[in-house]
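Source file structure.txt; content: compact mmCIF, C-alpha atoms.
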# COMPACT_ATOMS: atom_id res chain seq x y z
CA MET A 1 146.40 69.54 98.17
CA ARG A 2 145.81 69.02 94.45
CA ARG A 3 142.67 67.01 95.14
CA SER A 4 141.46 69.73 97.49
CA LYS A 5 142.02 72.45 94.90
CA GLY A 6 140.36 70.32 92.24
CA ASN A 7 137.33 69.72 94.44
CA ARG A 8 137.09 73.44 95.12
CA LYS A 9 137.15 74.24 91.41
CA VAL A 10 134.45 71.65 90.71
CA SER A 11 132.31 72.95 93.56
CA ARG A 12 132.75 76.51 92.36
CA ARG A 13 131.78 75.56 88.80
CA ILE A 14 128.69 73.77 90.06
CA ALA A 15 127.75 76.78 92.19
CA ASP A 16 128.31 79.19 89.28
CA THR A 17 126.29 77.00 86.91
CA THR A 18 123.47 76.72 89.42
CA ALA A 19 123.46 80.50 89.93
CA ILE A 20 123.33 81.10 86.17
CA VAL A 21 120.45 78.66 85.73
CA ILE A 22 118.48 80.26 88.56
CA ALA A 23 119.16 83.73 87.12
CA LEU A 24 117.94 82.64 83.68
CA LEU A 25 114.79 81.10 85.15
CA THR A 26 114.15 84.34 87.05
CA VAL A 27 114.72 86.62 84.06
CA PHE A 28 112.85 84.49 81.51
CA PRO A 29 109.31 85.61 82.54
CA LEU A 30 110.41 89.25 82.22
CA TYR A 31 111.94 88.51 78.82
CA TRP A 32 108.75 86.78 77.65
CA MET A 33 106.64 89.69 78.89
CA VAL A 34 108.69 92.27 76.96
CA LEU A 35 108.83 89.99 73.92
CA SER A 36 105.06 89.52 73.91
CA ALA A 37 104.62 93.29 74.21
CA LEU A 38 106.70 93.73 71.05
CA LYS A 39 105.05 90.93 69.05
CA PRO A 40 102.23 91.58 66.56
CA ASP A 41 98.85 90.02 67.33
CA GLY A 42 99.36 87.23 64.82
CA GLU A 43 102.48 85.94 66.59
CA ILE A 44 101.01 86.32 70.09
CA ASN A 45 97.97 84.21 69.25
CA SER A 46 99.95 81.69 67.20
CA VAL A 47 99.65 78.01 68.13
CA ASP A 48 103.41 77.74 67.62
CA PRO A 49 104.92 80.42 69.92
CA ARG A 50 108.58 81.26 69.42
CA PRO A 51 111.01 82.94 71.86
CA TRP A 52 111.82 85.64 69.31
CA THR A 53 110.17 87.86 66.73
CA TRP A 54 111.31 89.13 63.36
CA HIS A 55 108.61 91.80 63.20
CA PRO A 56 108.70 93.87 66.43
CA THR A 57 106.02 96.51 66.80
CA LEU A 58 105.08 99.25 69.24
CA ASP A 59 101.35 99.00 68.55
CA ASN A 60 100.71 97.29 71.87
CA PHE A 61 102.39 100.14 73.74
CA ARG A 62 100.32 102.64 71.77
CA ASP A 63 97.18 100.74 72.78
CA ALA A 64 98.30 100.83 76.42
CA PHE A 65 98.94 104.57 76.33
CA GLY A 66 95.67 105.01 74.47
CA VAL A 67 93.64 103.66 77.37
CA SER A 68 91.45 106.44 78.70
CA GLY A 69 92.97 107.80 81.92
CA PHE A 70 96.18 105.74 81.70
CA GLY A 71 98.31 108.71 82.72
CA GLY A 72 96.03 109.38 85.69
CA TYR A 73 96.22 105.74 86.76
CA PHE A 74 100.00 105.89 86.57
CA LEU A 75 100.15 109.10 88.60
CA ASN A 76 97.78 107.70 91.25
CA SER A 77 99.92 104.58 91.67
CA LEU A 78 103.06 106.70 91.91
CA ILE A 79 101.56 108.98 94.56
CA VAL A 80 100.32 106.07 96.68
CA ALA A 81 103.60 104.14 96.45
CA THR A 82 105.74 107.22 97.22
CA VAL A 83 103.70 108.21 100.27
CA VAL A 84 103.71 104.64 101.59
CA VAL A 85 107.49 104.37 101.20
CA VAL A 86 108.19 107.67 102.97
CA LEU A 87 105.74 107.14 105.84
CA SER A 88 106.63 103.47 106.36
CA GLY A 89 110.31 104.35 106.50
CA LEU A 90 109.78 107.15 109.01
CA VAL A 91 107.31 105.33 111.26
CA SER A 92 109.16 102.00 111.19
CA PHE A 93 112.46 103.72 112.06
CA LEU A 94 110.99 105.50 115.06
CA ALA A 95 109.14 102.36 116.17
CA ALA A 96 112.28 100.23 115.83
CA VAL A 97 114.27 102.68 117.95
CA ALA A 98 111.53 102.74 120.60
CA LEU A 99 111.25 98.94 120.73
CA THR A 100 115.03 98.51 120.92
CA ARG A 101 116.30 101.33 123.08
CA PHE A 102 113.43 101.77 125.56
CA ASP A 103 112.18 99.26 128.10
CA PHE A 104 108.44 99.57 128.65
CA LYS A 105 105.48 97.38 129.47
CA PHE A 106 104.00 95.11 126.77
CA ARG A 107 107.03 95.57 124.51
CA THR A 108 107.27 91.84 123.82
CA THR A 109 103.52 91.67 123.24
CA ILE A 110 103.72 94.40 120.64
CA LEU A 111 106.51 92.58 118.81
CA VAL A 112 104.49 89.36 118.78
CA MET A 113 101.49 91.25 117.44
CA PHE A 114 103.62 92.57 114.58
CA LEU A 115 104.66 89.01 113.77
CA VAL A 116 101.08 87.73 113.91
CA ALA A 117 99.96 90.53 111.59
CA GLN A 118 102.29 89.16 108.91
CA MET A 119 100.62 85.75 109.07
CA VAL A 120 97.08 86.92 108.32
CA PRO A 121 96.25 86.58 104.58
CA VAL A 122 95.18 89.73 102.77
CA GLU A 123 92.07 88.07 101.35
CA ALA A 124 90.71 87.39 104.82
CA LEU A 125 90.89 91.08 105.75
CA THR A 126 89.56 92.63 102.55
CA ILE A 127 85.87 92.68 103.49
CA PRO A 128 86.41 93.85 107.11
CA LEU A 129 88.75 96.56 105.87
CA PHE A 130 86.16 97.66 103.32
CA PHE A 131 83.62 98.38 106.07
CA LEU A 132 86.32 99.95 108.23
CA VAL A 133 87.40 102.32 105.45
CA ARG A 134 83.75 103.13 104.72
CA ASP A 135 83.17 104.11 108.36
CA ILE A 136 86.43 106.08 108.52
CA GLY A 137 85.23 108.08 105.54
CA THR A 138 82.35 109.46 107.58
CA VAL A 139 84.84 110.99 110.03
CA ALA A 140 87.84 111.63 107.76
CA PRO A 141 86.64 111.96 104.14
CA GLY A 142 90.20 111.91 102.83
CA PHE A 143 90.58 108.27 103.93
CA GLY A 144 87.20 106.93 102.90
CA LEU A 145 86.11 104.92 99.90
CA SER A 146 87.18 106.10 96.44
CA THR A 147 90.14 108.07 97.81
CA LEU A 148 93.86 107.56 97.47
CA GLY A 149 94.15 108.06 101.23
CA SER A 150 92.42 104.73 101.84
CA LEU A 151 95.01 102.90 99.73
CA MET A 152 97.85 104.73 101.48
CA LEU A 153 96.47 103.86 104.91
CA VAL A 154 95.91 100.17 104.21
CA ASN A 155 99.20 99.58 102.35
CA LEU A 156 101.05 101.43 105.10
CA ALA A 157 99.48 99.15 107.71
CA PHE A 158 100.60 96.05 105.81
CA SER A 159 104.13 97.38 105.22
CA LEU A 160 104.92 98.44 108.78
CA PRO A 161 105.17 95.05 110.56
CA PHE A 162 107.85 93.74 108.20
CA ALA A 163 109.72 97.06 108.18
CA ILE A 164 109.70 97.36 111.98
CA TRP A 165 110.91 93.80 112.48
CA MET A 166 113.74 94.27 110.02
CA LEU A 167 114.86 97.69 111.25
CA ARG A 168 114.75 96.49 114.84
CA GLY A 169 117.66 94.18 114.04
CA PHE A 170 119.64 97.03 112.52
CA VAL A 171 119.07 99.35 115.46
CA LYS A 172 119.91 96.59 117.93
CA ALA A 173 123.21 95.92 116.14
CA ILE A 174 124.34 99.55 116.56
CA PRO A 175 126.58 99.81 119.64
CA GLU A 176 125.04 101.89 122.40
CA SER A 177 128.50 103.27 123.09
CA LEU A 178 128.07 105.54 120.07
CA GLU A 179 125.03 107.13 121.66
CA GLU A 180 126.73 107.42 125.02
CA ALA A 181 129.70 109.17 123.42
CA ALA A 182 127.35 111.58 121.67
CA ARG A 183 125.59 112.38 124.96
CA ILE A 184 128.94 113.12 126.58
CA ASP A 185 129.68 115.54 123.73
CA GLY A 186 126.42 117.34 124.47
CA ALA A 187 124.14 115.91 121.79
CA ASN A 188 120.45 115.76 122.64
CA ARG A 189 118.10 112.86 121.81
CA PHE A 190 116.94 114.39 118.54
CA THR A 191 120.51 114.85 117.32
CA ILE A 192 121.42 111.28 118.26
CA LEU A 193 118.34 110.01 116.45
CA TRP A 194 118.87 111.82 113.14
CA ARG A 195 122.64 112.39 113.05
CA ILE A 196 123.84 108.99 114.35
CA LEU A 197 121.16 106.29 114.26
CA PHE A 198 119.41 107.29 111.03
CA PRO A 199 122.53 107.21 108.77
CA LEU A 200 123.58 103.85 110.21
CA VAL A 201 120.13 102.36 109.68
CA ALA A 202 119.86 103.74 106.12
CA PRO A 203 120.83 100.40 104.49
CA GLY A 204 117.98 98.72 106.33
CA LEU A 205 115.62 101.49 105.27
CA ALA A 206 116.62 100.88 101.65
CA ALA A 207 115.79 97.20 101.97
CA THR A 208 112.40 97.83 103.58
CA SER A 209 111.56 100.63 101.13
CA VAL A 210 111.81 98.18 98.21
CA PHE A 211 109.29 95.90 99.90
CA SER A 212 106.96 98.81 100.69
CA PHE A 213 107.18 100.23 97.17
CA ILE A 214 106.46 96.91 95.47
CA THR A 215 103.58 96.17 97.84
CA ALA A 216 101.90 99.51 97.20
CA TRP A 217 102.71 99.68 93.48
CA ASN A 218 101.39 96.20 92.64
CA ASP A 219 98.33 96.38 94.88
CA PHE A 220 95.23 95.24 93.02
CA VAL A 221 92.89 93.75 95.63
CA PHE A 222 92.53 96.86 97.78
CA ALA A 223 92.48 99.21 94.79
CA LYS A 224 89.67 97.22 93.19
CA THR A 225 87.76 96.97 96.49
CA PHE A 226 88.09 100.49 97.90
CA ILE A 227 88.12 102.60 94.73
CA LEU A 228 84.61 102.77 93.28
CA ASP A 229 85.21 105.42 90.62
CA THR A 230 87.67 105.76 87.75
CA ASP A 231 89.31 109.06 88.73
CA HIS A 232 91.17 107.55 91.69
CA GLN A 233 91.88 104.13 90.21
CA THR A 234 95.49 102.87 90.15
CA LEU A 235 97.54 101.33 87.38
CA PRO A 236 96.95 97.61 88.11
CA ALA A 237 93.23 98.21 87.57
CA ALA A 238 94.02 99.61 84.11
CA LEU A 239 95.02 96.11 83.06
CA MET A 240 91.39 95.04 83.39
CA VAL A 241 90.61 97.09 80.28
CA PHE A 242 92.47 94.55 78.16
CA PHE A 243 90.54 91.58 79.57
CA LYS A 244 87.49 91.15 77.36
CA PRO A 245 84.63 88.62 77.45
CA ASP A 246 85.32 87.23 73.97
CA GLU A 247 89.12 87.47 73.69
CA ASN A 248 91.84 88.96 75.87
CA ASP A 249 94.24 91.50 74.37
CA TRP A 250 97.46 89.82 75.50
CA GLY A 251 99.62 92.28 73.62
CA GLY A 252 98.09 95.20 75.50
CA ILE A 253 98.31 93.30 78.79
CA MET A 254 102.01 92.59 78.31
CA ALA A 255 102.73 96.17 77.19
CA ALA A 256 100.94 97.65 80.20
CA SER A 257 102.72 95.15 82.49
CA THR A 258 106.06 96.19 81.01
CA LEU A 259 105.27 99.85 81.67
CA MET A 260 104.31 98.94 85.24
CA THR A 261 107.64 97.19 85.75
CA ILE A 262 109.79 100.15 84.68
CA PRO A 263 109.24 102.31 87.82
CA VAL A 264 110.02 99.31 90.05
CA LEU A 265 113.29 98.72 88.20
CA ILE A 266 114.19 102.41 88.40
CA PHE A 267 113.48 102.49 92.13
CA PHE A 268 115.53 99.32 92.65
CA VAL A 269 118.49 100.79 90.75
CA LEU A 270 118.36 103.95 92.88
CA VAL A 271 118.52 102.05 96.18
CA GLN A 272 120.50 98.96 95.14
CA ARG A 273 123.78 100.24 96.63
CA HIS A 274 122.22 100.52 100.06
CA LEU A 275 120.14 97.39 99.49
CA VAL A 276 123.18 95.11 99.24
CA SER A 277 124.59 96.31 102.55
CA GLY A 278 121.13 96.32 104.05
CA LEU A 279 120.60 92.63 103.32
CA GLY A 280 124.08 91.86 104.58
CA GLY A 281 123.63 93.25 108.07
CA ALA A 282 124.17 96.31 110.16
CA VAL A 283 126.98 97.86 112.17
CA LYS A 284 129.07 95.65 114.41
CA ASP A 285 130.76 96.70 117.60

The structure in this file should be written as C-alpha cells.
Amino acid sequence: MRRSKGNRKVSRRIADTTAIVIALLTVFPLYWMVLSALKPDGEINSVDPRPWTWHPTLDNFRDAFGVSGFGGYFLNSLIVATVVVVLSGLVSFLAAVALTRFDFKFRTTILVMFLVAQMVPVEALTIPLFFLVRDIGTVAPGFGLSTLGSLMLVNLAFSLPFAIWMLRGFVKAIPESLEEAARIDGANRFTILWRILFPLVAPGLAATSVFSFITAWNDFVFAKTFILDTDHQTLPAALMVFFKPDENDWGGIMAASTLMTIPVLIFFVLVQRHLVSGLGGAVKD
C-alpha cells in the first residue's frame, strides 16, 4: 500500500511537472511578443537579446495605432469574425440536427463530403475561389471582390464542416426521450429545437465558435487575395505595413500582433465556461 501511494505521488509529480513545462512553452511565445512590443528599437535589434527590459516603452503601440486606417482594419476584422461565428453556429446547429435526427438519402455521403472538405489545403483552393468570388460578384455585388461579404462567405464555408461534425456528436448524445416527452406535452418542432436541443448543445457551440472566430480573425490569405482596395482590408493585412524592403519594424509588428491577440483572448474568456464542458462531452442518458 505504501509503495502504491508512493508511486502515485511520483506519477502525479511527473504529470504536474510535465504540464507546467508544456504550459510555459505555450505561453513563452506570447510573452516574447508582448515583451518585444514594449522594448525600444535598440533592444529589439540587439545581437544579445534578453528576456526582459529595463526601459519599457509604448512607442511601438503608438506606431501601430498611427497606421493609416488601423481602426478601419480592426473594425472590418471584427465584423467578419462576428458574422462568421453567428452564422456558422446557427447553420451548423441546424445541419447537425438534420443529420442526426432525420433519416434521408445520401446522409452518409454528405457526412463524408464534410470530412473530405477538411482535408483539402487552403492554398490549393485560393486561386479557384478567387475566380469563383469574382464571378459571384457579377450576380451578387455584396459578395464579390473587395467586399467583406466575400471573406464572410469563404470563412463560413471553411468553418462549417468542423462545426457540423462536432455538433453532430453533441446532438446524437442527447436522449431522444427528451424530445418525445416534449411532444407528449404539446411542444411543436420549433419549440423542441430552440427550447430543448439548443440549450443542451450550447457547450458544443461555444467550442466551435472559438474555432470559427480564430479562423476568421486570423485570416490573411483570403483577405490578401480577395480584397483589392484598402477600405475593406482586414487587420492581418495591416501588419504588412511594418514589413519594409530595407529593414522590418519588428517593434511595430509585435505591437500590432499583441493588439490582434486581445480580442481573441476576450472572446475566449467570455466562452471559456461553456468551452470546458463542450470539450468534455454532451448530455448522457

I'd like a table as a tab-separated table: residues in segment 49-86 of chain A with an atom no more than 12 Å from segment 200-221 of chain A, each row giving the shortest atom pair and its distance in Å to one decimal, only C-alpha atoms counted, sorted by chain and rising residue number.
residue	atom	partner	partner_atom	distance
A:Tyr73	CA	A:Trp217	CA	11.1
A:Phe74	CA	A:Trp217	CA	9.7
A:Leu75	CA	A:Trp217	CA	10.9
A:Asn76	CA	A:Trp217	CA	9.7
A:Ser77	CA	A:Trp217	CA	5.9
A:Leu78	CA	A:Trp217	CA	7.2
A:Ile79	CA	A:Trp217	CA	9.4
A:Val80	CA	A:Ala216	CA	6.8
A:Ala81	CA	A:Ala216	CA	5.0
A:Thr82	CA	A:Phe213	CA	7.1
A:Val83	CA	A:Phe213	CA	9.2
A:Val84	CA	A:Ser212	CA	6.7
A:Val85	CA	A:Ser209	CA	5.5
A:Val86	CA	A:Ser209	CA	8.0

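With all atoms listed in the file as the atoms that count, the residue of A:Val47, A:Ala157, A:Ala64, A:Ile14 with the shortest distance to Leu235 of chain A is A:Ala64.
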
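When atom CA of Lys39 of chain A is paired with atom CA of Gln233 of chain A, their separation reads 28.2 Å.
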
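Across A:Ile174, A:Met119, A:Leu90, A:Val269, the tightest approach to Phe158 of chain A is made by A:Met119 when counting only C-alpha atoms.
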
Shell of 9 Å around Ile196 of chain A, only C-alpha atoms, local chain residues under 6 positions omitted, as JSON, numbers by chain: {"A": [178, 179, 182]}

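Ranking A:Pro29, A:Gly186, A:Gly169, A:Pro245 by their shortest atom-to-atom distance to Arg101 of chain A, with all atoms listed in the file included, puts A:Gly169 first.
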
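The nearest approach to Asp231 of chain A among the residues A:Glu43, A:Arg12, A:Gly66, A:Ser146, with all atoms listed in the file taken into account, belongs to A:Ser146.
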
Nearest candidate to Arg134 of chain A (options A:Ala187, A:Trp194, A:Phe70, A:Thr225; using all atoms listed in the file): A:Thr225

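You can rank A:Pro40, A:Gly72, A:Pro161, A:Gly252 by their closest distance to Met113 of chain A using all atoms listed in the file, and at the top of that list sits A:Pro161.
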
Sphere at (84.7, 98.9, 98.2), radius 8 Å, counting all atoms listed in the file: residues as a ChimeraX atom specification: /A:130-131,134,145-146,224-228

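Between atom CA of Ile44 of chain A and atom CA of Trp250 of chain A there is a distance of 7.4 Å.
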
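Going from atom CA of Met260 of chain A over to atom CA of Asn45 of chain A, you cover 22.6 Å.
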
Nearby residues, (106.7, 81.6, 70.8) file frame, 12 Å, only C-alpha atoms, as a PyMOL selection string: chain A and resi 31-33+35-36+39-40+42-54

Box in all listed atoms of segment 105-123 of chain A, axis-aligned, with 4 Å more on each side; write out centre and edge lengths in Å to one decimal as lines of an AutoDock Vina configuration file.
center_x = 99.7
center_y = 91.6
center_z = 115.4
size_x = 23.2
size_y = 19.6
size_z = 36.1

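Omitting Ile253 of chain A and its sequence neighbours fewer than 5 positions away, and counting only C-alpha atoms, the residues within 9 Å are Ala37, Asn60, Ala64, Leu239, Met240, Val241, Phe242, Phe243, Asn248 and Thr258 of chain A.
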
Test item: residues at most 9 Å from Val171 of chain A, all atoms listed in the file, excluding those fewer than 4 positions along its chain, as a PyMOL selection string: chain A and resi 93+96-97+100-101+167+175+197+200-201+282-283
